[in-house]
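Asker: Sharing data38.txt (compact mmCIF, C-alpha atoms) below.
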# COMPACT_ATOMS: atom_id res chain seq x y z
CA MET A 1 36.90 22.10 1.90
CA LYS A 2 34.44 22.96 -0.86
CA THR A 3 37.12 24.79 -2.84
CA PHE A 4 39.48 21.84 -2.43
CA LYS A 5 36.88 19.45 -3.85
CA TRP A 6 36.22 21.88 -6.70
CA ILE A 7 39.93 21.96 -7.60
CA ILE A 8 40.10 18.14 -7.57
CA GLY A 9 37.03 17.99 -9.84
CA VAL A 10 38.41 20.56 -12.29
CA VAL A 11 41.76 18.77 -12.53
CA SER A 12 40.23 15.32 -13.07
CA PHE A 13 37.65 16.46 -15.63
CA THR A 14 40.25 18.47 -17.54
CA THR A 15 42.51 15.41 -17.67
CA VAL A 16 39.73 13.18 -18.94
CA GLY A 17 38.65 15.83 -21.48
CA VAL A 18 42.14 16.29 -22.87
CA LEU A 19 42.58 12.52 -23.08
CA ILE A 20 39.29 12.21 -24.95
CA ILE A 21 40.06 15.02 -27.40
CA VAL A 22 43.74 14.29 -28.05
CA ARG A 23 43.88 10.53 -27.97
CA PRO A 24 40.56 8.63 -27.97
CA LEU A 25 40.60 4.88 -27.63
CA PRO A 26 39.55 3.03 -30.79
CA PHE A 27 35.79 2.85 -31.00
CA LEU A 28 33.50 0.92 -33.27
CA PHE A 29 32.89 3.39 -36.09
CA TYR A 30 32.82 3.29 -39.83
CA PRO A 31 36.01 4.88 -41.19
CA GLY A 32 34.74 5.53 -44.71
CA LEU A 33 32.07 8.01 -43.62
CA PRO A 34 32.72 11.76 -43.07
CA TYR A 35 33.60 13.13 -39.63
CA SER A 36 33.95 9.67 -38.07
CA GLY A 37 36.78 10.71 -35.74
CA LEU A 38 34.78 13.67 -34.45
CA PHE A 39 31.75 11.54 -33.71
CA ALA A 40 33.91 8.99 -31.87
CA ARG A 41 34.98 11.79 -29.49
CA ALA A 42 31.34 12.88 -29.14
CA LEU A 43 30.38 9.36 -28.10
CA TYR A 44 33.05 9.43 -25.38
CA ILE A 45 31.66 12.68 -23.97
CA PHE A 46 28.21 11.04 -23.97
CA ILE A 47 29.57 8.08 -22.04
CA LEU A 48 31.10 10.43 -19.45
CA SER A 49 27.76 12.25 -18.96
CA CYS A 50 25.91 8.94 -18.66
CA PHE A 51 28.36 7.84 -15.95
CA LEU A 52 27.58 11.03 -14.00
CA CYS A 53 23.85 10.19 -14.21
CA LEU A 54 24.53 6.63 -13.07
CA LEU A 55 26.52 7.98 -10.13
CA ARG A 56 23.49 10.00 -9.08
CA ILE A 57 21.29 6.90 -9.42
CA CYS A 58 23.68 5.00 -7.13
CA ARG A 59 24.12 7.70 -4.50
CA GLY A 60 20.79 9.53 -4.48
CA PRO A 61 19.58 9.92 -0.90
CA THR A 62 15.88 9.86 -1.79
CA SER A 63 13.94 8.05 -4.49
CA ALA A 64 13.06 11.38 -6.14
CA ASP A 65 16.74 11.90 -7.01
CA ARG A 66 16.84 8.54 -8.75
CA ILE A 67 13.72 9.33 -10.75
CA VAL A 68 15.24 12.65 -11.88
CA ALA A 69 18.39 10.87 -13.03
CA ILE A 70 16.36 8.25 -14.94
CA ASP A 71 14.41 11.01 -16.69
CA ILE A 72 17.61 12.79 -17.70
CA LEU A 73 19.15 9.56 -19.02
CA GLY A 74 16.04 9.01 -21.12
CA ILE A 75 16.34 12.44 -22.74
CA MET A 76 20.07 12.05 -23.36
CA ILE A 77 19.68 8.71 -25.13
CA VAL A 78 17.54 10.48 -27.77
CA GLY A 79 20.53 12.67 -28.56
CA LEU A 80 22.79 9.61 -28.64
CA CYS A 81 20.47 8.00 -31.21
CA ALA A 82 20.63 11.17 -33.34
CA ILE A 83 24.44 11.14 -33.31
CA LEU A 84 24.55 7.41 -34.11
CA SER A 85 22.26 7.96 -37.08
CA ILE A 86 24.81 10.27 -38.71
CA SER A 87 27.97 8.47 -37.68
CA THR A 88 26.79 5.11 -39.00
CA ALA A 89 24.60 6.43 -41.88
CA ARG A 90 21.63 4.32 -40.77
CA THR A 91 18.66 6.61 -40.49
CA TRP A 92 16.41 4.22 -38.57
CA TYR A 93 18.21 5.26 -35.40
CA ILE A 94 16.02 8.40 -35.41
CA ASP A 95 12.94 6.14 -35.21
CA ILE A 96 14.42 4.53 -32.12
CA GLY A 97 14.95 8.02 -30.70
CA ILE A 98 11.31 9.04 -31.16
CA ALA A 99 10.03 5.81 -29.62
CA TRP A 100 12.45 6.19 -26.73
CA ALA A 101 11.32 9.77 -26.05
CA LEU A 102 7.65 8.69 -25.91
CA GLN A 103 8.32 5.71 -23.68
CA SER A 104 10.59 7.69 -21.34
CA PHE A 105 7.96 10.44 -20.92
CA ILE A 106 5.22 7.96 -20.04
CA SER A 107 7.45 6.04 -17.62
CA THR A 108 8.46 9.29 -15.91
CA LEU A 109 4.81 10.24 -15.43
CA ALA A 110 4.06 6.79 -13.99
CA LEU A 111 7.04 6.98 -11.62
CA SER A 112 6.04 10.44 -10.42
CA LYS A 113 2.50 9.23 -9.74
CA TYR A 114 4.00 6.37 -7.75
CA LEU A 115 6.09 8.90 -5.83
CA GLU A 116 3.01 10.95 -5.04
CA GLY A 117 1.31 7.87 -3.61
CA LYS A 118 -1.90 8.10 -5.60
CA GLY A 119 -3.64 5.97 -8.20
CA PHE A 120 -2.99 6.36 -11.91
CA ASP A 121 -6.49 7.58 -12.69
CA GLU A 122 -6.33 10.80 -10.73
CA MET B 1 29.17 24.88 -45.30
CA ILE B 2 25.86 23.65 -43.91
CA ASP B 3 27.67 20.62 -42.49
CA VAL B 4 29.95 22.89 -40.47
CA ILE B 5 26.96 24.76 -39.01
CA GLY B 6 25.39 21.42 -38.08
CA LEU B 7 28.60 20.28 -36.40
CA ILE B 8 28.73 23.52 -34.39
CA PHE B 9 25.15 22.91 -33.20
CA ILE B 10 26.04 19.34 -32.21
CA THR B 11 29.13 20.47 -30.27
CA VAL B 12 27.23 23.16 -28.35
CA GLY B 13 24.53 20.62 -27.55
CA LEU B 14 27.08 18.13 -26.24
CA ILE B 15 28.67 20.75 -23.99
CA PHE B 16 25.28 21.75 -22.55
CA ASP B 17 24.42 18.08 -21.96
CA PHE B 18 27.63 17.66 -19.99
CA PHE B 19 26.89 20.77 -17.89
CA GLY B 20 23.43 19.47 -17.12
CA CYS B 21 24.84 16.17 -15.83
CA LEU B 22 27.44 18.07 -13.80
CA GLY B 23 24.60 20.06 -12.23
CA LEU B 24 22.90 16.78 -11.38
CA ILE B 25 25.98 15.85 -9.36
CA ARG B 26 26.87 19.17 -7.73
CA LEU B 27 23.67 20.89 -6.66
CA PRO B 28 22.28 20.17 -3.17
CA ASP B 29 18.64 19.02 -3.38
CA VAL B 30 16.05 17.51 -5.72
CA TYR B 31 14.47 20.73 -6.98
CA ASN B 32 17.76 22.44 -7.87
CA ARG B 33 18.99 19.29 -9.61
CA LEU B 34 15.75 19.04 -11.53
CA GLN B 35 16.00 22.66 -12.66
CA ALA B 36 19.58 22.56 -13.88
CA SER B 37 19.40 19.21 -15.58
CA THR B 38 16.02 19.71 -17.25
CA LYS B 39 16.97 23.05 -18.80
CA CYS B 40 20.44 22.10 -19.96
CA VAL B 41 19.68 18.60 -21.20
CA THR B 42 16.52 19.63 -23.06
CA LEU B 43 18.18 22.44 -24.98
CA GLY B 44 21.34 20.36 -25.55
CA THR B 45 19.41 17.45 -27.02
CA CYS B 46 17.36 19.83 -29.16
CA GLY B 47 20.62 21.32 -30.45
CA ILE B 48 21.94 17.88 -31.34
CA LEU B 49 18.73 16.98 -33.16
CA PHE B 50 18.75 20.30 -35.06
CA GLY B 51 22.34 19.70 -36.12
CA THR B 52 21.33 16.25 -37.30
CA PHE B 53 18.53 17.82 -39.33
CA LEU B 54 20.96 20.29 -40.92
CA ILE B 55 23.41 17.54 -41.87
CA ILE B 56 20.85 15.04 -43.17
CA GLY B 57 18.66 17.59 -44.94
CA PHE B 58 15.00 17.40 -45.93
CA THR B 59 14.69 13.65 -46.05
CA ALA B 60 12.48 11.33 -44.02
CA ALA B 61 14.96 11.17 -41.13
CA GLY B 62 15.40 14.96 -41.06
CA ILE B 63 11.66 15.57 -40.74
CA LYS B 64 11.53 12.99 -37.96
CA ALA B 65 14.30 14.86 -36.14
CA LEU B 66 12.24 18.09 -36.33
CA LEU B 67 9.18 16.27 -34.94
CA CYS B 68 11.33 14.91 -32.15
CA ILE B 69 12.45 18.47 -31.23
CA ILE B 70 8.83 19.67 -30.96
CA PHE B 71 7.91 16.62 -28.91
CA LEU B 72 10.83 17.09 -26.49
CA ILE B 73 10.15 20.81 -25.93
CA LEU B 74 6.50 20.04 -25.20
CA THR B 75 7.04 17.08 -22.87
CA ALA B 76 10.26 17.60 -20.90
CA PRO B 77 8.90 20.52 -18.77
CA VAL B 78 5.73 18.53 -18.07
CA ALA B 79 7.79 15.59 -16.78
CA ALA B 80 9.85 17.94 -14.59
CA HIS B 81 6.66 19.52 -13.25
CA ALA B 82 5.23 16.08 -12.39
CA ILE B 83 8.40 14.96 -10.60
CA ALA B 84 8.62 18.19 -8.59
CA ARG B 85 4.99 17.98 -7.51
CA GLY B 86 5.30 14.32 -6.58
CA ALA B 87 8.51 14.91 -4.63
CA HIS B 88 6.98 17.77 -2.67
CA ARG B 89 3.85 15.79 -1.86
CA SER B 90 5.85 12.75 -0.80
CA GLY B 91 7.63 14.89 1.78
CA VAL B 92 11.06 15.70 0.32
CA ASN B 93 12.14 18.93 2.00
CA LEU B 94 14.09 21.76 0.46
CA CYS B 95 17.78 22.02 1.28
CA LYS B 96 18.86 24.00 4.31
CA ASP B 97 20.01 27.09 2.38
CA SER B 98 16.48 27.79 1.20
CA ILE B 99 14.75 30.96 2.21
CA ILE B 100 11.05 30.45 1.82
CA ASP B 101 8.55 27.68 1.10
CA LYS B 102 5.15 29.15 0.29
CA TYR B 103 3.86 25.85 -1.05
CA ALA B 104 4.27 24.03 2.28
CA GLN B 105 2.61 26.94 4.10
CA ASP B 106 -0.39 26.92 1.78
CA LYS B 107 -0.68 23.14 1.79
CA GLU B 108 -1.31 23.07 5.56
CA GLY B 109 -4.84 24.38 5.11
CA GLU B 110 -5.45 22.43 1.93
CA SER B 111 -4.75 18.99 3.37
CA VAL B 112 -7.70 19.38 5.74
CA ASN B 113 -10.01 19.85 2.77
CA GLU B 114 -8.59 16.87 0.91
CA THR B 115 -9.38 14.37 3.67
CA THR B 116 -13.04 15.37 3.93
CA MET C 1 -17.55 18.47 -33.96
CA LYS C 2 -15.13 21.14 -35.11
CA SER C 3 -12.50 20.14 -32.57
CA LYS C 4 -12.83 16.50 -33.70
CA ILE C 5 -12.12 17.46 -37.31
CA ILE C 6 -9.08 19.50 -36.25
CA LEU C 7 -7.78 16.65 -34.11
CA PHE C 8 -8.22 14.28 -37.07
CA LEU C 9 -6.21 16.59 -39.32
CA VAL C 10 -3.42 16.99 -36.77
CA THR C 11 -3.03 13.26 -36.12
CA PHE C 12 -3.15 12.49 -39.83
CA LEU C 13 -0.46 15.09 -40.54
CA VAL C 14 1.79 13.65 -37.82
CA TRP C 15 1.24 10.17 -39.26
CA CYS C 16 2.22 11.40 -42.73
CA PHE C 17 5.42 12.98 -41.40
CA LEU C 18 6.35 9.87 -39.44
CA SER C 19 5.88 7.57 -42.45
CA TRP C 20 7.28 10.00 -45.00
CA VAL C 21 7.16 9.27 -48.74
CA PRO C 22 3.36 8.89 -48.56
CA ASP C 23 2.07 5.91 -50.45
CA PHE C 24 -1.38 4.36 -50.80
CA GLN C 25 -1.26 1.75 -48.03
CA HIS C 26 0.27 4.16 -45.50
CA ILE C 27 -2.46 6.72 -46.13
CA ILE C 28 -5.27 4.16 -45.74
CA ILE C 29 -3.86 2.86 -42.43
CA GLY C 30 -3.29 6.46 -41.29
CA ILE C 31 -6.94 7.36 -41.91
CA VAL C 32 -8.13 4.33 -39.94
CA ILE C 33 -5.82 5.01 -36.99
CA SER C 34 -6.62 8.74 -36.90
CA ALA C 35 -10.34 7.98 -36.87
CA PHE C 36 -9.80 5.55 -33.99
CA VAL C 37 -7.83 8.17 -32.02
CA VAL C 38 -10.52 10.79 -32.60
CA PHE C 39 -13.18 8.30 -31.49
CA MET C 40 -11.26 7.62 -28.27
CA MET C 41 -10.22 11.20 -27.45
CA GLY C 42 -13.33 13.15 -28.37
CA ASP C 43 -13.21 16.80 -27.29
CA LEU C 44 -10.38 16.40 -24.78
CA PHE C 45 -7.55 17.62 -26.98
CA ILE C 46 -8.78 21.06 -28.07
CA GLY C 47 -10.86 22.84 -25.46
CA THR C 48 -11.61 26.11 -27.24
CA PRO C 49 -12.28 25.37 -30.94
CA GLN C 50 -13.76 28.81 -31.57
CA LEU C 51 -10.28 30.35 -31.49
CA ILE C 52 -8.87 28.16 -34.26
CA ASN C 53 -9.94 30.23 -37.27
CA GLN C 54 -8.49 33.54 -36.14
CA PRO C 55 -5.28 33.87 -38.12
CA GLN C 56 -3.81 36.74 -36.11
CA ARG C 57 -3.30 34.35 -33.17
CA TYR C 58 -0.93 32.19 -35.24
CA TRP C 59 0.89 35.35 -36.27
CA TYR C 60 1.30 36.39 -32.61
CA PHE C 61 2.48 32.88 -31.76
CA ILE C 62 5.21 32.84 -34.41
CA VAL C 63 6.33 36.47 -34.22
CA ASP C 64 5.94 37.26 -30.51
CA TYR C 65 6.20 34.03 -28.58
CA VAL C 66 8.78 31.86 -30.34
CA PRO C 67 11.74 34.32 -30.55
CA VAL C 68 11.27 35.47 -26.94
CA PHE C 69 11.04 31.86 -25.80
CA LEU C 70 14.18 30.75 -27.66
CA TRP C 71 16.21 33.72 -26.42
CA GLU C 72 15.14 33.17 -22.79
CA CYS C 73 15.91 29.46 -23.16
CA PHE C 74 19.45 30.20 -24.32
CA LYS C 75 19.96 32.70 -21.47
CA ALA C 76 18.71 30.07 -19.01
CA ASN C 77 21.35 27.63 -20.17
CA LEU C 78 24.15 30.15 -19.78
CA ASP C 79 22.83 30.98 -16.30
CA VAL C 80 22.79 27.32 -15.24
CA ALA C 81 26.28 26.78 -16.63
CA TYR C 82 27.56 29.75 -14.62
CA ARG C 83 25.96 28.50 -11.41
CA VAL C 84 27.19 24.94 -11.87
CA LEU C 85 30.78 25.84 -12.69
CA HIS C 86 31.19 28.43 -9.91
CA PRO C 87 33.26 27.05 -6.98
CA ARG C 88 30.93 28.30 -4.22
CA LEU C 89 27.57 27.52 -5.91
CA PRO C 90 25.81 30.93 -5.77
CA ILE C 91 22.27 29.67 -5.15
CA LYS C 92 19.54 30.94 -2.82
CA PRO C 93 16.57 28.66 -3.50
CA GLY C 94 12.96 28.88 -2.39
CA ILE C 95 9.39 28.29 -3.51
CA VAL C 96 7.41 31.47 -4.16
CA LYS C 97 3.81 32.10 -5.13
CA ALA C 98 2.68 34.07 -8.17
CA LYS C 99 -0.70 35.15 -9.46
CA THR C 100 -1.84 34.69 -13.03
CA LYS C 101 -4.82 35.94 -15.00
CA LEU C 102 -4.94 33.15 -17.60
CA LYS C 103 -7.91 30.80 -17.44
CA THR C 104 -7.74 28.28 -20.29
CA ASP C 105 -5.92 24.95 -20.05
CA ALA C 106 -3.72 25.53 -23.08
CA GLY C 107 -2.65 28.96 -21.84
CA LEU C 108 -1.78 27.63 -18.39
CA THR C 109 0.19 24.72 -19.89
CA PHE C 110 2.20 27.01 -22.12
CA LEU C 111 2.79 29.42 -19.25
CA ALA C 112 4.09 26.60 -17.01
CA ASN C 113 6.33 25.25 -19.77
CA SER C 114 7.76 28.72 -20.47
CA ILE C 115 8.43 29.28 -16.77
CA THR C 116 10.23 25.95 -16.52
CA LEU C 117 12.53 26.66 -19.45
CA THR C 118 13.40 30.29 -18.53
CA PRO C 119 16.29 31.41 -16.28
CA GLY C 120 16.21 30.15 -12.73
CA THR C 121 12.54 29.24 -12.32
CA MET C 122 10.55 26.01 -12.37
CA SER C 123 6.81 25.62 -11.83
CA VAL C 124 5.94 23.15 -9.08
CA ASP C 125 2.15 23.27 -8.91
CA ILE C 126 -0.80 25.12 -10.41
CA ASP C 127 -3.86 26.05 -8.39
CA LYS C 128 -6.40 26.61 -11.12
CA ASP C 129 -9.29 27.76 -8.93
CA ASN C 130 -7.45 30.66 -7.32
CA GLY C 131 -5.30 31.33 -10.37
CA CYS C 132 -1.93 31.04 -8.66
CA LEU C 133 1.31 29.28 -9.51
CA TYR C 134 3.92 27.89 -7.14
CA VAL C 135 7.36 28.49 -8.62
CA HIS C 136 10.69 27.15 -7.43
CA TRP C 137 13.24 29.92 -7.87
CA ILE C 138 16.94 29.18 -7.71
CA ASN C 139 17.92 32.73 -6.74
CA VAL C 140 15.08 34.41 -4.86
CA LYS C 141 14.95 38.17 -5.33
CA ASP C 142 11.38 38.90 -4.24
CA ALA C 143 9.71 36.68 -1.69
CA ASP C 144 6.26 38.30 -1.71
CA VAL C 145 3.49 37.55 -4.18
CA LYS C 146 3.43 40.86 -6.03
CA GLY C 147 7.13 41.12 -6.76
CA ALA C 148 7.36 37.50 -7.88
CA THR C 149 4.43 38.02 -10.22
CA GLU C 150 6.07 41.07 -11.74
CA THR C 151 9.40 39.33 -12.27
CA ILE C 152 8.41 35.83 -13.36
CA VAL C 153 4.95 35.71 -14.85
CA ARG C 154 4.32 39.12 -16.41
CA ARG C 155 6.81 38.72 -19.24
CA PHE C 156 5.05 35.75 -20.80
CA GLU C 157 1.55 36.47 -19.60
CA ARG C 158 1.05 39.53 -21.74
CA ILE C 159 2.12 37.52 -24.83
CA LEU C 160 0.07 34.41 -24.04
CA GLU C 161 -2.99 36.50 -23.20
CA ARG C 162 -3.25 37.59 -26.79
CA ILE C 163 -2.79 34.06 -28.14
CA PHE C 164 -4.94 31.82 -25.99
CA GLU C 165 -7.59 33.99 -24.33
Show the structure stored in the file as structure tokens.
Answerer:
Amino acid sequence: MKTFKWIIGVVSFTTVGVLIIVRPLPFLFYPGLPYSGLFARALYIFILSCFLCLLRICRGPTSADRIVAIDILGIMIVGLCAILSISTARTWYIDIGIAWALQSFISTLALSKYLEGKGFDE
Amino acid sequence: MIDVIGLIFITVGLIFDFFGCLGLIRLPDVYNRLQASTKCVTLGTCGILFGTFLIIGFTAAGIKALLCIIFLILTAPVAAHAIARGAHRSGVNLCKDSIIDKYAQDKEGESVNETT
Amino acid sequence: MKSKIILFLVTFLVWCFLSWVPDFQHIIIGIVISAFVVFMMGDLFIGTPQLINQPQRYWYFIVDYVPVFLWECFKANLDVAYRVLHPRLPIKPGIVKAKTKLKTDAGLTFLANSITLTPGTMSVDIDKDNGCLYVHWINVKDADVKGATETIVRRFERILERIFE
């Protein structure tokens, strides 16, 4: 049963990957800049990973699973901001990334304290 | 030339990010998921930021990307540590393949001291 | 007092990097904000200021710690990729206990961070009074305290002992 599920997963992810690499849907990017086609494919891989995280947020049996997935989404969005800053040539996206990393770290600490069931001043 | 090296860093980082999210889906309990995803996503995002630094160069945005790498390496393990400790204290058990749980054994005696 | 001056310098440097192309107004506001942060934090940030002016510790940090850490980090990623992509998930998880000899806060923090980012291990809790770490290990090879200490902690402990103690 486990092997069967693994084969289904490999086939579906390979199909999606080949579709992304060979023939990406048109995305909002700036065609005059260098490497714009490559970064459009990178954004699609990011969207796929974010959907996997959202699946874990939906299905997670305990609240700890959901907090883990939220933490991981917060770290990945920093990378997304870095890629957007090259692919659109607007460097203030990096500032958004730094602010997002700070805010995500503090919110993760607050959520873990809530999970532990203690006050914030411990 | 330096652009190509930066693009290679970004691609490797993307692949590691994807593996981390796949580990979040496949592995059986909270602690294993936390391990796989924290390691892979932290190094993948640091690779993407380093590639960004190589492509942009020593400008204001490049230096900010380097600061962001240092910040992520210092804080991501601390967040994982906090989540793992909170999950164990709130009573999430390990999955049924696990062999040993020294922390639960040692916490039996400690909880008596905490209440006094 | 010394730790306050060092904290002021560090925060001011970070401010200058964040608002790069330093100009007059940025520097004035940076000095005010750094002084406020130092006034609020006090001696919390740097616990052992007597170790700051020993230059061989920085040398050990750059030459010994950073390359080992990056190499282990890369190996950890390959390890996780192998375990995730394998069809039968070759994991054997468990929480083990390990002893450590480090005492300072900075040393323990760096030790826990290194353990989290190296292959197959993640620190769950630190008991500072008894000097022991609880480590979640994805593929348990040694369940007892001594073997786990040898395998997990020893590799970084002998480097961090020279830097932070």
Asker: Quick one: which residues from chain A are at most 8 Å off chain B, using only C-alpha atoms, as an MDAnalysis selection string?
Answerer: chainID A and resid 42 45:46 49:50 52:53 55:56 62 64:65 67:69 72 75:76 78:79 82:83 86 91:92 94:95 97:98 101 105 108:109 112:113 115:117
Asker: Which is closer to Phe36 in chain C than all the others in C:Thr48, C:Thr149, C:Gln56, C:Thr11, using all atoms listed in the file?
Answerer: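 The answer is C:Thr11, which sits nearest to Phe36 in chain C.
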Asker: Between CA of Asn130 in chain C and CA of Lys101 in chain C, measure the distance and give it in Å to one decimal.
Answerer: 9.7 Å
Asker: Counting all atoms listed in the file, which residues of chain C come no farther than 6 Å from chain B, as a list in words?
Answerer: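 Using all atoms listed in the file, chain C residues at most 6 Å from chain B: Trp20, Asn77, Val80, Val84, Lys92, Pro93, Gly94, Ile95, Val96, Asn113, Leu117 and Val124 of chain C.
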Asker: Using all atoms listed in the file for the distances, tell me which of C:Phe45, C:Lys97, C:Leu111, C:Ile52 is nearest to Ala148 in chain C.
Answerer: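 Of C:Phe45, C:Lys97, C:Leu111, C:Ile52, the one nearest Ala148 in chain C is C:Lys97, counting all atoms listed in the file.
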Asker: Could you list the residues in chain A lying within 8 Å of chain C, using all atoms listed in the file, and format the result as a ChimeraX atom specification?
Answerer: /A:2-3,6
Asker: Give me the residues near Ile5 in chain C as a list in words, where near means some atom within 12 Å (using all atoms listed in the file) and where sequence neighbours in that chain fewer than 4 positions away do not count.
Answerer: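 Within the cut-off, the hits are Met1, Leu9, Val10, Thr11, Phe12, Ser34, Ala35, Val37, Val38, Phe39, Met41, Gly42, Asp43, Phe45, Ile46, Pro49 and Ile52 of chain C.
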Asker: Any idea what's packed within 12 Å of Ser114 in chain C, counting all atoms listed in the file, ignoring anything in its chain fewer than 4 positions away? Could you give it as a PyMOL selection string?
Answerer: (chain B and resi 39+73-78+81) or (chain C and resi 65-66+68-73+76+107-110+118-123+135+152-157+159-160)
Asker: Rounded to one decimal in Å, what is the spacing between CA of Ile31 in chain C and CA of Leu44 in chain C?
Answerer: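 Between CA of Ile31 in chain C and CA of Leu44 in chain C the gap works out to 19.7 Å.
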Asker: Please enclose the listed atoms of range 99-114 of chain C in an axis-aligned box, pad each side by 5 Å, and write out the centre and the three edge lengths in Å, rounded to one decimal, as JSON.
Answerer:
{"center_x": -0.1, "center_y": 30.3, "center_z": -16.3, "size_x": 25.7, "size_y": 21.2, "size_z": 23.6}
Asker: Could you state the separation of CA of Arg162 in chain C and CA of Phe61 in chain C in Å, given to one decimal place?
Answerer: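 So the answer is 8.9 Å.
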Asker: From the options C:Met40, C:Cys132, C:Leu102, C:Ile126, which residue's atoms come nearest to Glu165 in chain C, counting only C-alpha atoms?
Answerer: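 Comparing C:Met40, C:Cys132, C:Leu102, C:Ile126 against Glu165 in chain C, the winner is C:Leu102.
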